[in-house]
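Asks: Please read through the structure below; I'll follow up with questions.
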Amino acid sequence: AQSVSQHNHHVILSEAASLELGCNYSYGGTVNLFWYVQYPGQHLQLLLKYFSGDPLVKGIKGFEAEFIKSKFSFNLRKPSVQWSDTAEYFCAVTYGGSYIPTFGRGTSLIVHP
Amino acid sequence: EAGVAQSPRYKIIEKRQSVAFWCNPISGHATLYWYQQILGQGPKLLIQFQNNGVVDDSQLPKDRFSAERLKGVDSTLKIQPAKLEDSAVYLCASSLGGKESPLHFGNGTRLTVT
C-alpha cells in the first residue's frame, strides 16, 4: 500500500524562526500533492497543492512547498513563522488515477510569541 | 458558501452500543468521504461516495460499520456494535470530484467508547 511519511511529529519554534516540515511518499508514478492545516478548534483546510508544472508552489499565509521527484518529497516551508501558525499540518497524496488522498500522520507545530 | 456540516460534535457511548453520525456536504459536491482519525494519526479513509453510489469502501470494517448516502446529498455513518478501538474523530469531507479537487472537511465528530 502507498504511504505518506511525516517525520517531524512535534515542532516547537519561536516567532520569526524559519519552518520546514518534511513529507515523503512511497509511489514512483504520477502523484498529486497537498498540504492541509488544522488550526485549534477548526476543521482541516487546504494550505496548498501541486499537480504539475513549477515544482515550487505557493499557498496561503506565506507558505510554500517544493516537489522534488527524485527524493519523493514535498516539504513545506515558511521563512518566518507567526504565533497564529500554531496548528496541525498534514501532508496528503493522491496516486495515479485515484483521487482519494492518503494522509500522513501530521505534524503538530507550536509557535511561541 | 456554507461548509460541510457534521453532527453531533461529541458522542460518548459504552462498548457494544450503536452510534450514528450525520454529514451534510457542500451544495453541489458530488463526492463525499468519511475518514477516521485516531489520536496521533492522520485521517484514514473509510468510504467514498460519488453521488449516491459507493466508489471505495475497501477499508470499511463492514462487520460493524455501515454508511449510506441515499439521495446523493446527506450521508450517515453507523457503528454497531462499537468497540473500544473505535474511539476516534470521524471526519466527513466533500469535493466537486476529480483528482485535482481539494477536499472540504467538516469539524468532525469525536467519539469516545468506554
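Just remember, in the C-alpha cells the first chain shown is A, the second B, etc., residues are 1-based per chain, and ligands are 1-based in the order shown.
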Residues at most 8 Å from A:Asn32, counting only C-alpha atoms, excluding those fewer than 3 positions away in the same chain, as a ChimeraX atom specification?
Replies: /A:49-52,93-95 /B:99-100
Asks: Residues of chain B within 8 Å of chain A: nearest atom pair and distance (Å, one decimal) for each, counting only C-alpha atoms, sorted by chain and number, as JSON lines?
Replies:
{"residue": "B:Gly40", "atom": "CA", "partner": "A:Arg105", "partner_atom": "CA", "distance": 6.7}
{"residue": "B:Gln41", "atom": "CA", "partner": "A:Arg105", "partner_atom": "CA", "distance": 4.3}
{"residue": "B:Gly42", "atom": "CA", "partner": "A:Arg105", "partner_atom": "CA", "distance": 3.8}
{"residue": "B:Pro43", "atom": "CA", "partner": "A:Phe103", "partner_atom": "CA", "distance": 6.0}
{"residue": "B:Lys44", "atom": "CA", "partner": "A:Phe103", "partner_atom": "CA", "distance": 7.1}
{"residue": "B:Leu45", "atom": "CA", "partner": "A:Thr102", "partner_atom": "CA", "distance": 7.7}
{"residue": "B:Gly97", "atom": "CA", "partner": "A:Tyr99", "partner_atom": "CA", "distance": 7.9}
{"residue": "B:Gly98", "atom": "CA", "partner": "A:Tyr99", "partner_atom": "CA", "distance": 6.1}
{"residue": "B:Lys99", "atom": "CA", "partner": "A:Tyr99", "partner_atom": "CA", "distance": 4.1}
{"residue": "B:Glu100", "atom": "CA", "partner": "A:Phe51", "partner_atom": "CA", "distance": 7.1}
{"residue": "B:Pro102", "atom": "CA", "partner": "A:Leu46", "partner_atom": "CA", "distance": 7.0}
{"residue": "B:Leu103", "atom": "CA", "partner": "A:Leu46", "partner_atom": "CA", "distance": 7.6}
{"residue": "B:His104", "atom": "CA", "partner": "A:Gln45", "partner_atom": "CA", "distance": 6.6}
{"residue": "B:Phe105", "atom": "CA", "partner": "A:Leu44", "partner_atom": "CA", "distance": 5.7}
{"residue": "B:Gly106", "atom": "CA", "partner": "A:His43", "partner_atom": "CA", "distance": 5.8}
{"residue": "B:Asn107", "atom": "CA", "partner": "A:His43", "partner_atom": "CA", "distance": 4.6}
{"residue": "B:Gly108", "atom": "CA", "partner": "A:His43", "partner_atom": "CA", "distance": 7.5}
Asks: Output N, CA, C and O atoms for every residue in the selection just made, as a PDB file, in the first residue's frame.
Replies:
ATOM      1  N   GLY B  40      -3.288  10.966  17.257  1.00  0.00           N
ATOM      2  CA  GLY B  40      -1.883  10.818  16.908  1.00  0.00           C
ATOM      3  C   GLY B  40      -1.633  10.270  15.516  1.00  0.00           C
ATOM      4  O   GLY B  40      -0.485  10.053  15.130  1.00  0.00           O
ATOM      5  N   GLN B  41      -2.695  10.058  14.763  1.00  0.00           N
ATOM      6  CA  GLN B  41      -2.558   9.533  13.406  1.00  0.00           C
ATOM      7  C   GLN B  41      -3.241  10.463  12.412  1.00  0.00           C
ATOM      8  O   GLN B  41      -4.025  11.328  12.784  1.00  0.00           O
ATOM      9  N   GLY B  42      -2.934  10.268  11.150  1.00  0.00           N
ATOM     10  CA  GLY B  42      -3.607  11.025  10.113  1.00  0.00           C
ATOM     11  C   GLY B  42      -4.955  10.418   9.776  1.00  0.00           C
ATOM     12  O   GLY B  42      -5.247   9.279  10.157  1.00  0.00           O
ATOM     13  N   PRO B  43      -5.790  11.153   9.074  1.00  0.00           N
ATOM     14  CA  PRO B  43      -7.085  10.618   8.673  1.00  0.00           C
ATOM     15  C   PRO B  43      -6.933   9.385   7.782  1.00  0.00           C
ATOM     16  O   PRO B  43      -6.085   9.363   6.883  1.00  0.00           O
ATOM     17  N   LYS B  44      -7.777   8.384   8.018  1.00  0.00           N
ATOM     18  CA  LYS B  44      -7.779   7.166   7.225  1.00  0.00           C
ATOM     19  C   LYS B  44      -9.140   7.013   6.573  1.00  0.00           C
ATOM     20  O   LYS B  44     -10.162   7.081   7.248  1.00  0.00           O
ATOM     21  N   LEU B  45      -9.149   6.807   5.252  1.00  0.00           N
ATOM     22  CA  LEU B  45     -10.408   6.707   4.535  1.00  0.00           C
ATOM     23  C   LEU B  45     -11.197   5.481   4.966  1.00  0.00           C
ATOM     24  O   LEU B  45     -10.661   4.374   5.047  1.00  0.00           O
ATOM     25  N   GLY B  97     -15.152  16.535  -7.034  1.00  0.00           N
ATOM     26  CA  GLY B  97     -14.833  15.307  -7.753  1.00  0.00           C
ATOM     27  C   GLY B  97     -13.648  15.531  -8.658  1.00  0.00           C
ATOM     28  O   GLY B  97     -13.352  16.661  -9.030  1.00  0.00           O
ATOM     29  N   GLY B  98     -12.959  14.464  -9.011  1.00  0.00           N
ATOM     30  CA  GLY B  98     -11.759  14.622  -9.823  1.00  0.00           C
ATOM     31  C   GLY B  98     -10.537  14.755  -8.947  1.00  0.00           C
ATOM     32  O   GLY B  98     -10.607  15.258  -7.825  1.00  0.00           O
ATOM     33  N   LYS B  99      -9.387  14.308  -9.472  1.00  0.00           N
ATOM     34  CA  LYS B  99      -8.206  14.206  -8.616  1.00  0.00           C
ATOM     35  C   LYS B  99      -7.603  15.551  -8.271  1.00  0.00           C
ATOM     36  O   LYS B  99      -6.757  15.640  -7.384  1.00  0.00           O
ATOM     37  N   GLU B 100      -7.996  16.617  -8.943  1.00  0.00           N
ATOM     38  CA  GLU B 100      -7.433  17.917  -8.618  1.00  0.00           C
ATOM     39  C   GLU B 100      -8.345  18.727  -7.709  1.00  0.00           C
ATOM     40  O   GLU B 100      -8.027  19.867  -7.382  1.00  0.00           O
ATOM     41  N   PRO B 102      -9.708  19.715  -4.255  1.00  0.00           N
ATOM     42  CA  PRO B 102      -9.359  19.520  -2.849  1.00  0.00           C
ATOM     43  C   PRO B 102     -10.583  19.117  -2.041  1.00  0.00           C
ATOM     44  O   PRO B 102     -11.720  19.353  -2.442  1.00  0.00           O
ATOM     45  N   LEU B 103     -10.309  18.493  -0.903  1.00  0.00           N
ATOM     46  CA  LEU B 103     -11.374  18.102  -0.001  1.00  0.00           C
ATOM     47  C   LEU B 103     -11.726  19.255   0.920  1.00  0.00           C
ATOM     48  O   LEU B 103     -10.856  19.994   1.386  1.00  0.00           O
ATOM     49  N   HIS B 104     -13.011  19.387   1.205  1.00  0.00           N
ATOM     50  CA  HIS B 104     -13.502  20.347   2.191  1.00  0.00           C
ATOM     51  C   HIS B 104     -14.032  19.535   3.366  1.00  0.00           C
ATOM     52  O   HIS B 104     -14.930  18.710   3.195  1.00  0.00           O
ATOM     53  N   PHE B 105     -13.469  19.768   4.525  1.00  0.00           N
ATOM     54  CA  PHE B 105     -13.783  18.956   5.701  1.00  0.00           C
ATOM     55  C   PHE B 105     -14.780  19.631   6.622  1.00  0.00           C
ATOM     56  O   PHE B 105     -14.811  20.866   6.737  1.00  0.00           O
ATOM     57  N   GLY B 106     -15.565  18.803   7.312  1.00  0.00           N
ATOM     58  CA  GLY B 106     -16.363  19.271   8.419  1.00  0.00           C
ATOM     59  C   GLY B 106     -15.524  19.306   9.692  1.00  0.00           C
ATOM     60  O   GLY B 106     -14.333  18.972   9.676  1.00  0.00           O
ATOM     61  N   ASN B 107     -16.146  19.704  10.797  1.00  0.00           N
ATOM     62  CA  ASN B 107     -15.431  19.790  12.072  1.00  0.00           C
ATOM     63  C   ASN B 107     -15.228  18.434  12.727  1.00  0.00           C
ATOM     64  O   ASN B 107     -14.449  18.316  13.669  1.00  0.00           O
ATOM     65  N   GLY B 108     -15.930  17.426  12.229  1.00  0.00           N
ATOM     66  CA  GLY B 108     -15.737  16.088  12.765  1.00  0.00           C
ATOM     67  C   GLY B 108     -16.624  15.788  13.967  1.00  0.00           C
ATOM     68  O   GLY B 108     -17.179  16.691  14.608  1.00  0.00           O
TER      69      GLY B 108
END
Asks: What is the distance, in Å and to one decimal place, between atom CA of B:Gln37 and atom CA of B:Leu91?
Replies: 7.3 Å
Asks: For A:Ser84, which residue among A:Gln2, A:Ser70, A:Ser26, A:Ser14 is the nearest when counting only C-alpha atoms?
Replies: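 Smallest distance to A:Ser84 is found for A:Ser14.
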Asks: From the options B:Ser66, B:Ser87, B:Thr114, B:Ser75, which residue's atoms come nearest to B:Glu14, counting only C-alpha atoms?
Replies: B:Thr114
Asks: Give the strand (DSSP E) residues of chain B, as DSSP finds them on the backbone, and put them as an NGL selection string.
Replies: :B and (5-7 or 10-13 or 19-24 or 31-37 or 44-50 or 53-56 or 65-68 or 75-79 or 88-95 or 104-105 or 109-113)
Asks: What's the separation between atom CA of B:Ala2 and atom CA of B:Ile26, in Å to one decimal place?
Replies: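 Atom CA of B:Ile26 lies 6.5 Å from atom CA of B:Ala2.
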Asks: Determine, counting only C-alpha atoms, which protein, DNA and RNA residues have an atom within 10 Å of an atom of stretch 48-53 of chain B; residues of the same chain fewer than 3 positions away are not included. Present the result as a PyMOL selection string.
Replies: (chain A and resi 100) or (chain B and resi 28-35+45+56-58+60+67-75+92-97)
Asks: Take the residues just selected and output them with N, CA, C and O atoms as a JSON list (two decimals), in the first residue's frame.
Replies:
[["chain", "number", "residue", "atom", "x", "y", "z"],
["A", 100, "ILE", "N", -8.44, 9.70, -4.16],
["A", 100, "ILE", "CA", -8.62, 9.53, -2.72],
["A", 100, "ILE", "C", -7.30, 9.84, -2.05],
["A", 100, "ILE", "O", -6.33, 9.08, -2.19],
["B", 28, "GLY", "N", -23.75, 20.91, -4.13],
["B", 28, "GLY", "CA", -23.15, 20.71, -5.45],
["B", 28, "GLY", "C", -21.97, 19.77, -5.47],
["B", 28, "GLY", "O", -21.48, 19.41, -6.54],
["B", 29, "HIS", "N", -21.47, 19.39, -4.29],
["B", 29, "HIS", "CA", -20.33, 18.46, -4.24],
["B", 29, "HIS", "C", -20.84, 17.03, -4.41],
["B", 29, "HIS", "O", -21.56, 16.50, -3.58],
["B", 30, "ALA", "N", -20.41, 16.40, -5.48],
["B", 30, "ALA", "CA", -20.87, 15.06, -5.79],
["B", 30, "ALA", "C", -20.15, 13.99, -4.97],
["B", 30, "ALA", "O", -20.69, 12.92, -4.73],
["B", 31, "THR", "N", -18.93, 14.29, -4.57],
["B", 31, "THR", "CA", -18.12, 13.27, -3.89],
["B", 31, "THR", "C", -18.10, 13.52, -2.39],
["B", 31, "THR", "O", -17.90, 14.66, -1.95],
["B", 32, "LEU", "N", -18.32, 12.47, -1.64],
["B", 32, "LEU", "CA", -18.34, 12.56, -0.18],
["B", 32, "LEU", "C", -17.47, 11.46, 0.40],
["B", 32, "LEU", "O", -17.49, 10.33, -0.08],
["B", 33, "TYR", "N", -16.72, 11.83, 1.42],
["B", 33, "TYR", "CA", -15.79, 10.89, 2.05],
["B", 33, "TYR", "C", -16.09, 10.84, 3.55],
["B", 33, "TYR", "O", -16.41, 11.85, 4.17],
["B", 34, "TRP", "N", -15.90, 9.67, 4.13],
["B", 34, "TRP", "CA", -15.82, 9.52, 5.58],
["B", 34, "TRP", "C", -14.41, 9.04, 5.92],
["B", 34, "TRP", "O", -13.91, 8.05, 5.36],
["B", 35, "TYR", "N", -13.76, 9.77, 6.83],
["B", 35, "TYR", "CA", -12.45, 9.40, 7.32],
["B", 35, "TYR", "C", -12.52, 9.13, 8.82],
["B", 35, "TYR", "O", -13.32, 9.75, 9.54],
["B", 45, "LEU", "N", -9.15, 6.81, 5.25],
["B", 45, "LEU", "CA", -10.41, 6.71, 4.53],
["B", 45, "LEU", "C", -11.20, 5.48, 4.97],
["B", 45, "LEU", "O", -10.66, 4.37, 5.05],
["B", 56, "ASP", "N", -15.44, 3.49, -3.09],
["B", 56, "ASP", "CA", -14.41, 2.72, -2.42],
["B", 56, "ASP", "C", -14.82, 2.53, -0.97],
["B", 56, "ASP", "O", -14.98, 3.50, -0.25],
["B", 57, "ASP", "N", -15.00, 1.31, -0.57],
["B", 57, "ASP", "CA", -15.26, 1.00, 0.85],
["B", 57, "ASP", "C", -14.35, -0.12, 1.31],
["B", 57, "ASP", "O", -14.68, -0.87, 2.23],
["B", 58, "SER", "N", -13.20, -0.23, 0.67],
["B", 58, "SER", "CA", -12.30, -1.35, 0.96],
["B", 58, "SER", "C", -11.74, -1.33, 2.38],
["B", 58, "SER", "O", -11.32, -2.35, 2.89],
["B", 60, "LEU", "N", -13.48, -0.11, 5.03],
["B", 60, "LEU", "CA", -14.59, -0.01, 5.98],
["B", 60, "LEU", "C", -14.79, -1.37, 6.66],
["B", 60, "LEU", "O", -15.01, -2.37, 5.97],
["B", 67, "ALA", "N", -22.54, 2.70, 5.99],
["B", 67, "ALA", "CA", -22.74, 4.10, 5.59],
["B", 67, "ALA", "C", -23.68, 4.14, 4.41],
["B", 67, "ALA", "O", -23.73, 3.20, 3.62],
["B", 68, "GLU", "N", -24.41, 5.21, 4.33],
["B", 68, "GLU", "CA", -25.31, 5.38, 3.20],
["B", 68, "GLU", "C", -25.43, 6.84, 2.80],
["B", 68, "GLU", "O", -25.17, 7.74, 3.61],
["B", 69, "ARG", "N", -25.80, 7.04, 1.58],
["B", 69, "ARG", "CA", -26.00, 8.39, 1.04],
["B", 69, "ARG", "C", -27.15, 8.26, 0.05],
["B", 69, "ARG", "O", -26.99, 8.30, -1.15],
["B", 70, "LEU", "N", -28.34, 8.11, 0.61],
["B", 70, "LEU", "CA", -29.48, 7.65, -0.16],
["B", 70, "LEU", "C", -29.86, 8.57, -1.31],
["B", 70, "LEU", "O", -30.15, 8.13, -2.41],
["B", 71, "LYS", "N", -29.87, 9.86, -1.09],
["B", 71, "LYS", "CA", -30.34, 10.78, -2.13],
["B", 71, "LYS", "C", -29.18, 11.54, -2.77],
["B", 71, "LYS", "O", -29.39, 12.54, -3.45],
["B", 72, "GLY", "N", -27.97, 11.06, -2.51],
["B", 72, "GLY", "CA", -26.81, 11.71, -3.11],
["B", 72, "GLY", "C", -26.43, 13.02, -2.46],
["B", 72, "GLY", "O", -25.65, 13.78, -3.04],
["B", 73, "VAL", "N", -26.99, 13.30, -1.28],
["B", 73, "VAL", "CA", -26.64, 14.55, -0.60],
["B", 73, "VAL", "C", -26.11, 14.21, 0.79],
["B", 73, "VAL", "O", -24.93, 13.94, 0.96],
["B", 74, "ASP", "N", -27.03, 14.17, 1.80],
["B", 74, "ASP", "CA", -26.63, 13.83, 3.16],
["B", 74, "ASP", "C", -26.12, 12.40, 3.24],
["B", 74, "ASP", "O", -26.49, 11.54, 2.43],
["B", 75, "SER", "N", -25.32, 12.17, 4.26],
["B", 75, "SER", "CA", -24.82, 10.82, 4.49],
["B", 75, "SER", "C", -24.83, 10.51, 5.98],
["B", 75, "SER", "O", -24.70, 11.42, 6.81],
["B", 92, "CYS", "N", -16.04, 14.00, 7.97],
["B", 92, "CYS", "CA", -16.72, 13.96, 6.68],
["B", 92, "CYS", "C", -16.09, 15.03, 5.79],
["B", 92, "CYS", "O", -15.77, 16.13, 6.26],
["B", 93, "ALA", "N", -15.90, 14.72, 4.55],
["B", 93, "ALA", "CA", -15.36, 15.68, 3.60],
["B", 93, "ALA", "C", -16.11, 15.57, 2.29],
["B", 93, "ALA", "O", -16.66, 14.51, 1.96],
["B", 94, "SER", "N", -16.13, 16.66, 1.54],
["B", 94, "SER", "CA", -16.76, 16.61, 0.22],
["B", 94, "SER", "C", -15.90, 17.34, -0.79],
["B", 94, "SER", "O", -15.05, 18.17, -0.43],
["B", 95, "SER", "N", -16.11, 17.03, -2.04],
["B", 95, "SER", "CA", -15.38, 17.72, -3.11],
["B", 95, "SER", "C", -16.22, 17.68, -4.37],
["B", 95, "SER", "O", -17.19, 16.92, -4.48],
["B", 96, "LEU", "N", -15.81, 18.49, -5.34],
["B", 96, "LEU", "CA", -16.51, 18.51, -6.63],
["B", 96, "LEU", "C", -16.27, 17.21, -7.40],
["B", 96, "LEU", "O", -17.04, 16.85, -8.27],
["B", 97, "GLY", "N", -15.15, 16.53, -7.03],
["B", 97, "GLY", "CA", -14.83, 15.31, -7.75],
["B", 97, "GLY", "C", -13.65, 15.53, -8.66],
["B", 97, "GLY", "O", -13.35, 16.66, -9.03]]
Asks: Nearest residue to B:Tyr10 out of B:Leu46, B:Val55, B:Trp22, B:Pro61, using only C-alpha atoms?
Replies: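 Using only C-alpha atoms, B:Tyr10 sits closest to B:Trp22.
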Asks: Measure the distance from atom CA of A:His112 to atom CA of A:Cys23 in Å and round it to one decimal.
Replies: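 Interatomic distance, atom CA of A:His112 to atom CA of A:Cys23: 23.4 Å.
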Asks: Taking only C-alpha atoms into account, which of A:Ser18, A:Tyr27, A:Leu109, A:Ile68 comes nearest A:Thr86?
Replies: A:Leu109
Asks: Could you list, as a list in words, every residue within 7 Å of stretch 57-64 of chain A, counting only C-alpha atoms and ignoring same-chain residues fewer than 3 positions away?
Replies: Leu47, Leu48, Tyr50, Asp54, Leu76, Arg77 and Lys78 of chain A
Asks: Restricted to all heavy atoms, what would the selected residues look like written as a PDB file, in the first residue's frame?
Replies:
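This went into out.pdb:
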ATOM      1  N   LEU A  47      -3.995  24.072   2.435  1.00  0.00           N
ATOM      2  CA  LEU A  47      -2.963  25.104   2.536  1.00  0.00           C
ATOM      3  C   LEU A  47      -2.362  25.368   1.154  1.00  0.00           C
ATOM      4  O   LEU A  47      -2.190  26.499   0.738  1.00  0.00           O
ATOM      5  CB  LEU A  47      -1.893  24.621   3.505  1.00  0.00           C
ATOM      6  CG  LEU A  47      -0.881  25.601   4.060  1.00  0.00           C
ATOM      7  CD1 LEU A  47      -1.560  26.759   4.758  1.00  0.00           C
ATOM      8  CD2 LEU A  47       0.072  24.891   5.018  1.00  0.00           C
ATOM      9  N   LEU A  48      -2.024  24.302   0.445  1.00  0.00           N
ATOM     10  CA  LEU A  48      -1.516  24.415  -0.913  1.00  0.00           C
ATOM     11  C   LEU A  48      -1.560  23.058  -1.588  1.00  0.00           C
ATOM     12  O   LEU A  48      -1.756  22.046  -0.938  1.00  0.00           O
ATOM     13  CB  LEU A  48      -0.092  24.994  -0.939  1.00  0.00           C
ATOM     14  CG  LEU A  48       0.971  24.399  -0.033  1.00  0.00           C
ATOM     15  CD1 LEU A  48       1.511  23.101  -0.562  1.00  0.00           C
ATOM     16  CD2 LEU A  48       2.124  25.377   0.174  1.00  0.00           C
ATOM     17  N   TYR A  50      -0.040  20.707  -5.308  1.00  0.00           N
ATOM     18  CA  TYR A  50       0.790  20.588  -6.508  1.00  0.00           C
ATOM     19  C   TYR A  50       0.203  19.514  -7.403  1.00  0.00           C
ATOM     20  O   TYR A  50      -0.048  18.381  -6.960  1.00  0.00           O
ATOM     21  CB  TYR A  50       2.234  20.225  -6.151  1.00  0.00           C
ATOM     22  CG  TYR A  50       3.041  19.898  -7.377  1.00  0.00           C
ATOM     23  CD1 TYR A  50       3.581  20.907  -8.171  1.00  0.00           C
ATOM     24  CD2 TYR A  50       3.225  18.571  -7.777  1.00  0.00           C
ATOM     25  CE1 TYR A  50       4.289  20.609  -9.318  1.00  0.00           C
ATOM     26  CE2 TYR A  50       3.933  18.266  -8.915  1.00  0.00           C
ATOM     27  CZ  TYR A  50       4.457  19.284  -9.696  1.00  0.00           C
ATOM     28  OH  TYR A  50       5.155  18.980 -10.827  1.00  0.00           O
ATOM     29  N   ASP A  54       5.552  24.083 -12.312  1.00  0.00           N
ATOM     30  CA  ASP A  54       6.591  24.579 -11.408  1.00  0.00           C
ATOM     31  C   ASP A  54       6.566  23.788 -10.105  1.00  0.00           C
ATOM     32  O   ASP A  54       5.548  23.767  -9.413  1.00  0.00           O
ATOM     33  CB  ASP A  54       6.373  26.068 -11.128  1.00  0.00           C
ATOM     34  CG  ASP A  54       7.516  26.713 -10.361  1.00  0.00           C
ATOM     35  OD1 ASP A  54       8.346  25.978  -9.771  1.00  0.00           O
ATOM     36  OD2 ASP A  54       7.578  27.960 -10.341  1.00  0.00           O
ATOM     37  N   LEU A  76       7.193  21.320   3.266  1.00  0.00           N
ATOM     38  CA  LEU A  76       6.503  22.596   3.496  1.00  0.00           C
ATOM     39  C   LEU A  76       7.464  23.569   4.159  1.00  0.00           C
ATOM     40  O   LEU A  76       8.174  23.189   5.098  1.00  0.00           O
ATOM     41  CB  LEU A  76       5.285  22.381   4.393  1.00  0.00           C
ATOM     42  CG  LEU A  76       4.432  23.610   4.700  1.00  0.00           C
ATOM     43  CD1 LEU A  76       3.667  24.063   3.461  1.00  0.00           C
ATOM     44  CD2 LEU A  76       3.457  23.297   5.834  1.00  0.00           C
ATOM     45  N   ARG A  77       7.444  24.832   3.697  1.00  0.00           N
ATOM     46  CA  ARG A  77       8.359  25.809   4.260  1.00  0.00           C
ATOM     47  C   ARG A  77       7.650  27.134   4.496  1.00  0.00           C
ATOM     48  O   ARG A  77       6.673  27.463   3.825  1.00  0.00           O
ATOM     49  CB  ARG A  77       9.553  26.054   3.309  1.00  0.00           C
ATOM     50  CG  ARG A  77      10.393  24.823   3.028  1.00  0.00           C
ATOM     51  CD  ARG A  77      11.705  25.203   2.373  1.00  0.00           C
ATOM     52  NE  ARG A  77      11.518  25.766   1.043  1.00  0.00           N
ATOM     53  CZ  ARG A  77      11.917  25.181  -0.068  1.00  0.00           C
ATOM     54  NH1 ARG A  77      12.473  23.983  -0.021  1.00  0.00           N
ATOM     55  NH2 ARG A  77      11.742  25.768  -1.230  1.00  0.00           N
ATOM     56  N   LYS A  78       8.206  27.865   5.464  1.00  0.00           N
ATOM     57  CA  LYS A  78       7.800  29.245   5.675  1.00  0.00           C
ATOM     58  C   LYS A  78       8.995  29.968   6.260  1.00  0.00           C
ATOM     59  O   LYS A  78       9.574  29.496   7.251  1.00  0.00           O
ATOM     60  CB  LYS A  78       6.592  29.351   6.604  1.00  0.00           C
ATOM     61  CG  LYS A  78       6.069  30.787   6.731  1.00  0.00           C
ATOM     62  CD  LYS A  78       4.742  30.861   7.466  1.00  0.00           C
ATOM     63  CE  LYS A  78       4.217  32.297   7.470  1.00  0.00           C
ATOM     64  NZ  LYS A  78       2.902  32.427   8.146  1.00  0.00           N
TER      65      LYS A  78
END
Asks: Could you tell me which of A:Ser5, A:Ala16, A:Gly53, A:Gly28 comes closest to A:Phe74 if we count only C-alpha atoms?
Replies: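 Looking at the shortest contact to A:Phe74, the residue is A:Ser5.
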